[in-house]
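Structure file model-v6.txt (compact mmCIF, C-alpha atoms) is printed below.
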```txt
# COMPACT_ATOMS: atom_id res chain seq x y z
CA MET D 912 17.46 -41.65 3.86
CA LYS D 913 19.73 -38.76 2.90
CA PRO D 914 18.02 -36.12 0.76
CA THR D 915 19.36 -35.97 -2.77
CA ALA D 916 20.67 -32.85 -4.47
CA SER D 917 17.41 -32.36 -6.32
CA GLU D 918 15.47 -32.78 -3.10
CA TRP D 919 17.57 -29.96 -1.63
CA LEU D 920 16.79 -27.83 -4.67
CA VAL D 921 13.06 -28.33 -4.11
CA ARG D 922 13.48 -27.44 -0.43
CA LEU D 923 15.43 -24.31 -1.32
CA ALA D 924 12.77 -23.27 -3.82
CA GLY D 925 10.11 -23.86 -1.14
CA TRP D 926 11.98 -21.69 1.35
CA CYS D 927 12.37 -18.85 -1.16
CA LEU D 928 8.74 -19.03 -2.24
CA GLY D 929 7.51 -19.31 1.34
CA GLY D 930 9.72 -16.41 2.45
CA VAL D 931 8.39 -14.12 -0.27
CA PHE D 932 4.78 -14.87 0.66
CA VAL D 933 5.32 -14.55 4.42
CA TYR D 934 7.00 -11.19 3.81
CA ALA D 935 4.19 -10.05 1.50
CA GLY D 936 1.53 -11.26 3.93
CA VAL D 937 3.08 -9.59 6.98
CA LEU D 938 3.30 -6.23 5.17
CA LYS D 939 -0.41 -6.46 4.35
CA VAL D 940 -1.55 -7.69 7.77
CA THR D 941 0.03 -4.66 9.43
CA ASP D 942 -2.02 -2.18 7.37
CA PRO D 943 -5.34 -3.68 6.24
CA TRP D 944 -6.64 -0.22 5.32
CA ALA D 945 -3.95 0.29 2.72
CA PHE D 946 -4.42 -3.22 1.36
CA ALA D 947 -8.21 -2.74 1.15
CA ASP D 948 -7.55 0.40 -0.93
CA SER D 949 -5.27 -1.65 -3.17
CA VAL D 950 -7.88 -4.38 -3.60
CA ALA D 951 -10.49 -1.72 -4.39
CA SER D 952 -8.24 -0.15 -7.02
CA PHE D 953 -8.55 -3.29 -9.16
CA ARG D 954 -12.30 -2.62 -9.53
CA LEU D 955 -13.09 -6.31 -9.54
CA LEU D 956 -14.89 -6.96 -6.28
CA PRO D 957 -18.11 -5.50 -4.89
CA ALA D 958 -17.73 -3.36 -1.75
CA VAL D 959 -19.00 -6.17 0.52
CA LEU D 960 -16.13 -8.45 -0.48
CA ILE D 961 -13.21 -5.97 -0.50
CA ASN D 962 -12.55 -5.80 3.23
CA PRO D 963 -13.04 -9.52 3.93
CA VAL D 964 -10.55 -10.29 1.15
CA ALA D 965 -8.15 -7.66 2.54
CA LEU D 966 -8.31 -9.38 5.93
CA ILE D 967 -8.21 -13.03 4.87
CA LEU D 968 -5.81 -13.09 1.91
CA PRO D 969 -2.70 -11.91 3.81
CA VAL D 970 -3.27 -14.51 6.54
CA LEU D 971 -3.62 -17.21 3.89
CA GLU D 972 -0.33 -16.05 2.33
CA ILE D 973 1.41 -16.27 5.70
CA ILE D 974 0.01 -19.71 6.56
CA LEU D 975 0.93 -21.19 3.17
CA GLY D 976 4.34 -19.50 3.28
CA VAL D 977 5.12 -20.84 6.74
CA ALA D 978 3.98 -24.34 5.71
CA LEU D 979 6.30 -24.18 2.71
CA ILE D 980 9.26 -23.01 4.79
CA ALA D 981 8.60 -25.68 7.41
CA GLY D 982 8.20 -28.30 4.69
CA VAL D 983 4.75 -29.31 5.96
CA LYS D 984 2.55 -30.50 3.07
CA ARG D 985 4.97 -28.77 0.73
CA SER D 986 3.32 -29.67 -2.53
CA VAL D 987 -0.16 -28.75 -1.27
CA GLY D 988 1.14 -25.37 -0.10
CA ALA D 989 3.00 -24.77 -3.35
CA GLY D 990 -0.07 -25.79 -5.34
CA MET D 991 -2.28 -23.34 -3.47
CA LEU D 992 0.28 -20.53 -3.82
CA GLY D 993 0.38 -21.35 -7.53
CA VAL D 994 -3.39 -20.91 -7.70
CA LEU D 995 -3.02 -17.56 -5.91
CA CYS D 996 -0.39 -16.51 -8.46
CA VAL D 997 -2.78 -17.35 -11.29
CA LEU D 998 -5.53 -15.29 -9.63
CA PHE D 999 -3.13 -12.38 -9.09
CA ALA D 1000 -2.00 -12.58 -12.73
CA ALA D 1001 -5.63 -12.48 -13.85
CA ALA D 1002 -6.31 -9.43 -11.65
CA LEU D 1003 -3.19 -7.59 -12.84
CA GLY D 1004 -3.79 -8.61 -16.45
CA GLN D 1005 -7.39 -7.37 -16.51
CA ALA D 1006 -6.21 -4.03 -15.08
CA LEU D 1007 -3.67 -3.65 -17.89
CA VAL D 1008 -6.23 -4.66 -20.53
CA ARG D 1009 -8.89 -2.31 -19.16
CA GLY D 1010 -6.31 0.44 -18.75
CA ILE D 1011 -6.99 0.85 -15.02
CA GLU D 1012 -4.14 2.29 -12.98
CA VAL D 1013 -3.98 -0.04 -10.00
CA ASP D 1014 -1.96 0.03 -6.84
CA CYS D 1015 -0.78 -3.57 -6.79
CA GLY D 1016 -0.44 -3.71 -3.02
CA CYS D 1017 1.56 -6.90 -3.52
CA PHE D 1018 4.15 -5.85 -0.96
CA GLY D 1019 2.23 -3.18 0.92
CA GLY D 1020 0.57 -0.12 -0.52
CA GLY D 1021 2.21 2.21 -2.99
CA ALA D 1022 1.24 4.53 -5.79
CA PRO D 1023 -0.79 3.34 -8.76
CA SER D 1024 1.35 2.99 -11.88
CA THR D 1025 1.18 1.04 -15.11
CA ALA D 1026 4.93 0.38 -15.23
CA ARG D 1027 4.86 -1.06 -11.72
CA THR D 1028 1.83 -3.18 -12.67
CA VAL D 1029 3.73 -4.73 -15.60
CA TRP D 1030 6.67 -5.44 -13.29
CA ALA D 1031 4.30 -6.94 -10.69
CA LEU D 1032 2.80 -9.20 -13.35
CA LEU D 1033 6.23 -10.47 -14.46
CA ARG D 1034 7.24 -11.07 -10.84
CA ASP D 1035 3.97 -12.90 -10.21
CA ILE D 1036 4.47 -15.15 -13.24
CA GLY D 1037 7.97 -15.99 -12.01
CA LEU D 1038 6.68 -16.90 -8.56
CA GLY D 1039 3.86 -18.89 -10.14
CA LEU D 1040 6.30 -20.93 -12.21
CA LEU D 1041 8.41 -21.61 -9.12
CA ALA D 1042 5.29 -22.70 -7.22
CA TRP D 1043 4.27 -24.95 -10.09
CA TRP D 1044 7.72 -26.55 -10.13
CA VAL D 1045 7.72 -27.25 -6.37
CA TRP D 1046 4.19 -28.66 -6.61
CA HIS D 1047 5.08 -30.80 -9.63
CA ARG D 1048 8.24 -32.21 -8.01
CA GLY D 1049 6.33 -32.98 -4.83
CA ARG D 1050 3.68 -34.86 -6.74
CA ARG D 1051 6.22 -36.84 -8.75
CA ALA D 1052 8.10 -37.77 -5.60
CA ALA D 1053 4.84 -38.98 -4.03
CA ASN D 1054 4.03 -41.15 -7.05
CA GLU D 1055 7.46 -42.75 -7.27
CA PRO D 1056 7.72 -46.12 -5.53
CA VAL D 1057 9.91 -45.96 -2.43
CA ALA D 1058 13.29 -47.38 -3.34
CA MET H 302 -10.54 -22.42 6.77
CA ALA H 303 -8.03 -21.25 9.34
CA SER H 304 -7.09 -18.10 7.44
CA VAL H 305 -10.75 -16.94 7.43
CA LEU H 306 -10.99 -17.35 11.21
CA ILE H 307 -7.63 -15.74 11.92
CA GLY H 308 -8.14 -12.96 9.39
CA LEU H 309 -11.62 -11.96 10.54
CA GLY H 310 -11.11 -12.84 14.22
CA GLY H 311 -7.72 -11.19 14.49
CA ASN H 312 -9.17 -8.04 13.02
CA GLN H 313 -11.51 -7.72 16.02
CA LEU H 314 -8.46 -7.57 18.29
CA ARG H 315 -7.08 -4.50 16.51
CA GLU H 316 -7.32 -1.15 18.23
CA THR H 317 -9.58 0.01 15.42
CA PRO H 318 -10.84 -3.02 13.47
CA LEU H 319 -11.29 -2.70 9.75
CA PRO H 320 -15.07 -2.52 9.18
CA LEU H 321 -16.48 -5.35 7.08
CA LEU H 322 -17.86 -2.98 4.46
CA TYR H 323 -15.28 -1.15 2.38
CA GLU H 324 -15.24 2.62 2.41
CA THR H 325 -13.13 4.58 -0.06
CA LYS H 326 -10.18 6.73 1.04
CA GLN H 327 -12.18 9.80 0.06
CA ALA H 328 -15.17 8.78 2.18
CA ARG H 329 -12.97 7.97 5.18
CA LEU H 330 -11.17 11.30 4.94
CA GLU H 331 -14.43 13.19 4.48
CA ARG H 332 -15.75 11.71 7.74
CA GLU H 333 -12.59 12.86 9.52
CA VAL H 334 -13.01 16.33 8.03
CA GLN H 335 -16.63 16.40 9.25
CA ARG H 336 -15.53 15.41 12.76
CA ILE H 337 -12.80 18.06 12.87
CA GLY H 338 -15.23 20.62 11.45
CA ALA H 339 -17.84 19.83 14.08
CA GLY H 340 -15.20 20.52 16.73
CA GLN H 341 -14.07 23.92 15.48
CA ARG H 342 -16.73 25.42 13.25
CA ALA H 343 -19.04 24.37 10.46
CA VAL H 344 -17.21 22.99 7.44
CA GLY H 345 -17.95 25.01 4.34
CA GLY H 346 -20.07 23.28 1.75
CA ALA H 347 -17.59 24.10 -0.99
CA GLU H 348 -13.82 24.48 -1.03
CA ALA H 349 -12.39 27.86 -0.14
CA PRO H 350 -11.62 29.79 -3.34
CA ALA H 351 -8.07 29.16 -4.49
CA SER H 352 -5.64 31.72 -5.82
CA GLY H 353 -2.78 30.91 -8.15
CA PRO H 354 -2.05 27.48 -9.61
CA GLN H 355 -3.24 24.43 -7.66
CA VAL H 356 -0.50 22.19 -8.92
CA LEU H 357 3.17 23.16 -8.69
CA THR H 358 6.12 21.99 -10.75
CA LEU H 359 9.47 21.49 -9.05
CA GLU H 360 10.60 24.98 -10.10
CA GLU H 361 7.41 26.65 -8.89
CA PHE H 362 7.63 24.71 -5.65
CA GLU H 363 11.21 25.77 -5.02
CA ALA H 364 10.37 29.40 -5.76
CA ILE H 365 7.74 29.61 -3.01
CA ARG H 366 9.22 27.01 -0.65
CA ALA H 367 10.82 29.45 1.81
CA GLY H 368 7.59 31.28 2.56
CA ALA H 369 5.27 28.27 2.54
CA LEU H 370 4.43 25.61 5.08
CA ILE H 371 5.21 22.26 3.46
CA LEU H 372 3.16 19.19 4.36
CA ASP H 373 4.08 15.57 3.72
CA ALA H 374 0.93 13.50 3.06
CA ARG H 375 2.66 10.12 2.97
CA PRO H 376 2.36 7.60 5.83
CA GLU H 377 4.44 8.84 8.74
CA ILE H 378 7.06 6.10 8.42
CA PHE H 379 8.15 7.48 5.04
CA TYR H 380 8.33 10.98 6.50
CA ARG H 381 10.66 9.68 9.18
CA ILE H 382 12.95 8.04 6.63
CA GLY H 383 13.31 11.25 4.63
CA HIS H 384 11.37 14.37 3.66
CA VAL H 385 11.71 17.81 2.10
CA PRO H 386 13.61 19.98 4.61
CA GLY H 387 11.23 21.91 6.82
CA ALA H 388 8.20 19.83 5.88
CA LEU H 389 5.76 18.69 8.56
CA SER H 390 3.99 15.34 8.56
CA LEU H 391 0.27 15.35 7.75
CA PRO H 392 -0.48 11.81 6.54
CA ARG H 393 -3.71 11.23 4.67
CA LYS H 394 -4.22 7.99 6.57
CA ASP H 395 -3.97 9.59 10.02
CA PHE H 396 -5.34 12.97 8.98
CA GLU H 397 -7.53 13.70 11.98
CA THR H 398 -4.85 12.99 14.59
CA ALA H 399 -2.05 14.68 12.68
CA TYR H 400 -4.20 17.72 11.91
CA ALA H 401 -4.95 18.17 15.60
CA ALA H 402 -1.25 17.74 16.45
CA LEU H 403 -0.19 20.42 13.98
CA GLY H 404 -2.80 22.80 15.40
CA ALA H 405 -1.59 26.37 15.33
CA ARG H 406 1.16 25.74 12.77
CA LEU H 407 -1.49 25.46 10.06
CA ALA H 408 -3.15 28.70 11.13
CA GLU H 409 -0.03 30.85 10.74
CA GLY H 410 -1.42 32.11 7.46
CA ARG H 411 1.45 30.82 5.31
CA PRO H 412 0.41 29.19 2.04
CA LEU H 413 0.34 25.41 2.34
CA VAL H 414 2.00 23.03 -0.11
CA VAL H 415 1.24 19.30 0.07
CA TYR H 416 3.20 16.49 -1.55
CA CYS H 417 3.18 12.68 -1.47
CA ALA H 418 5.25 9.83 -2.93
CA GLY H 419 5.33 10.91 -6.55
CA GLU H 420 3.31 12.03 -9.50
CA THR H 421 0.71 9.26 -9.37
CA CYS H 422 0.04 9.10 -5.63
CA GLU H 423 -3.34 10.36 -4.49
CA ASP H 424 -2.63 11.35 -0.91
CA ALA H 425 -1.48 14.94 -1.59
CA GLU H 426 -4.60 15.80 -3.58
CA LEU H 427 -6.84 14.18 -0.94
CA VAL H 428 -5.14 16.15 1.84
CA ARG H 429 -5.31 19.34 -0.24
CA THR H 430 -9.08 18.90 -0.64
CA ALA H 431 -9.50 18.15 3.06
CA LEU H 432 -7.55 21.28 4.05
CA ALA H 433 -9.53 23.41 1.62
CA ARG H 434 -12.75 22.00 3.08
CA LEU H 435 -11.52 23.01 6.53
CA GLY H 436 -11.22 26.59 5.38
CA HIS H 437 -7.52 26.89 4.51
CA ALA H 438 -7.51 29.38 1.68
CA GLN H 439 -4.25 28.66 -0.09
CA VAL H 440 -3.35 25.00 -0.45
CA GLN H 441 -1.31 23.73 -3.39
CA VAL H 442 0.13 20.38 -4.43
CA PHE H 443 3.73 19.80 -5.45
CA GLN H 444 2.91 17.28 -8.15
CA GLY H 445 6.27 15.54 -8.56
CA GLY H 446 6.39 14.73 -4.87
CA TRP H 447 9.16 12.91 -3.08
CA GLU H 448 10.14 10.96 -6.19
CA GLU H 449 10.94 14.09 -8.21
CA TRP H 450 12.55 15.81 -5.22
CA GLN H 451 14.93 12.89 -4.77
CA ALA H 452 15.55 12.44 -8.48
CA ALA H 453 16.56 16.10 -8.69
CA GLY H 454 19.14 15.46 -5.97
CA ARG H 455 17.70 18.02 -3.53
CA ALA H 456 18.54 18.11 0.17
CA GLU H 457 16.75 15.64 2.43
CA GLU H 458 15.90 15.81 6.07
CA LYS H 459 15.25 12.91 8.42
CA ALA H 460 12.80 13.10 11.30
CA PRO H 461 14.47 13.98 14.61
```

Would it be possible to restate this file's structure as structure tokens?
Amino acid sequence: MKPTASEWLVRLAGWCLGGVFVYAGVLKVTDPWAFADSVASFRLLPAVLINPVALILPVLEIILGVALIAGVKRSVGAGMLGVLCVLFAAALGQALVRGIEVDCGCFGGGAPSTARTVWALLRDIGLGLLAWWVWHRGRRAANEPVA
Amino acid sequence: MASVLIGLGGNQLRETPLPLLYETKQARLEREVQRIGAGQRAVGGAEAPASGPQVLTLEEFEAIRAGALILDARPEIFYRIGHVPGALSLPRKDFETAYAALGARLAEGRPLVVYCAGETCEDAELVRTALARLGHAQVQVFQGGWEEWQAAGRAEEKAP
């Protein structure tokens, strides 16, 4: 069966989303120290959890991103990335509300800044919406009877 | 989950694995300072007394630039891409190695000025404290850092 135009659109969205997360994950995997400092700057996790999160999260981003690019379990991957986006939004949002200057660390370490945190939050919401759309389309396609 | 195994297992294959318990930047740097100090002489309990302002504006920085030794506290990759002309690389994250590599240059007796990415980065202040703890008497921070230097359209130098 030839993929339809909308199927191609979902694939394209999956590739973009997957690419962004693979890129983000690779940057973090190469410097876990910097990412651990970023995680710590959010002042959410106790010291025992910071480094495990700094080691595991980037790998999860890469695995889900690769799955999305390859089109393997696309809607599961998109769904899980969507959940990550919600968690990231919560972390960024609490920092803004509490007035903590965080170093997002989204795409490698940088300098803490409120303006960059707002921008990171908007970017994260955009990615989250894209993930939700890919997940939603995948689910709908699965529920439709095969023509 | 695969990412847990790869994340934690892969870490053990690194040259220096990330320890499982988080240590702040300050604590990591302080340990490096202690190690360097043990090698040369005892590290003073307090910082060496400072003279003049600790934090420099762009104008103040430019006024003393010629006579000072400028140090770039950002990760080395950023130094290679572009830095203040004449600056040497002393990254906060590889402080111990870079400090040893600079060796005699730091002991020339010129005042030291440290900068990092911009106004909100912490690396310059961390390196300044570390240098002061190691007995360097005059260490200042150019607060605006690379961001202000670039924004002001000043000359840039790339690593050879």

Which chain H residues are at most 8 Å from chain D (counting only C-alpha atoms), as a list in words?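 Result, ordered by chain then number: Ser304, Val305, Ile307, Gly308, Leu309, Asn312, Leu319, Pro320, Leu321, Leu322, Tyr323, Glu324, Thr325, Lys326, Ala418, Gly419, Thr421, Cys422 and Glu423 of chain H.
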
Which value, in Å to one decimal, gives the distance between CA of Gly1004 in chain D and CA of Phe946 in chain D?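 Result for CA of Gly1004 in chain D versus CA of Phe946 in chain D: 18.6 Å, one decimal.
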
For a test of reading the model, state the distance in Å between CA of Gly387 in chain H and CA of Ala364 in chain H, rounded to one decimal.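 According to the coordinates, CA of Gly387 in chain H and CA of Ala364 in chain H are separated by 14.7 Å.
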
At a cut-off of 9 Å, can you tabulate as JSON lines every residue of range 351-384 of chain H near range 389-393 of chain H together with its closest atom pair and the distance in Å to one decimal, using all atoms listed in the file and ordering rows by chain then number?
```
{"residue": "H:Leu370", "atom": "CA", "partner": "H:Leu389", "partner_atom": "CA", "distance": 7.9}
{"residue": "H:Ile371", "atom": "CA", "partner": "H:Leu389", "partner_atom": "CA", "distance": 6.2}
{"residue": "H:Leu372", "atom": "CA", "partner": "H:Leu389", "partner_atom": "CA", "distance": 5.0}
{"residue": "H:Asp373", "atom": "CA", "partner": "H:Ser390", "partner_atom": "CA", "distance": 4.8}
{"residue": "H:Ala374", "atom": "CA", "partner": "H:Pro392", "partner_atom": "CA", "distance": 4.1}
{"residue": "H:Arg375", "atom": "CA", "partner": "H:Pro392", "partner_atom": "CA", "distance": 5.0}
{"residue": "H:Pro376", "atom": "CA", "partner": "H:Pro392", "partner_atom": "CA", "distance": 5.1}
{"residue": "H:Glu377", "atom": "CA", "partner": "H:Pro392", "partner_atom": "CA", "distance": 6.2}
{"residue": "H:Tyr380", "atom": "CA", "partner": "H:Ser390", "partner_atom": "CA", "distance": 6.5}
{"residue": "H:Arg381", "atom": "CA", "partner": "H:Ser390", "partner_atom": "CA", "distance": 8.8}
{"residue": "H:His384", "atom": "CA", "partner": "H:Leu389", "partner_atom": "CA", "distance": 8.6}
```

Could you tell me how far CA of Ala1031 in chain D sits from CA of Val997 in chain D, in Å to one decimal place?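 Between these atoms lies a distance of 12.6 Å.
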
Pick the closest to Glu448 in chain H from H:Ala405, H:Ala460, H:Val334, H:Val385: which is it, counting only C-alpha atoms?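 That would be H:Val385, the residue with the smallest distance to Glu448 in chain H.
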
With a distance cut-off of 9 Å and only C-alpha atoms, select the neighbouring residues of Leu995 in chain D, excluding the residue or stretch itself and same-chain residues fewer than 5 positions from it, and output the selection as an NGL selection string. :D and (972 or 990 or 1000 or 1039)
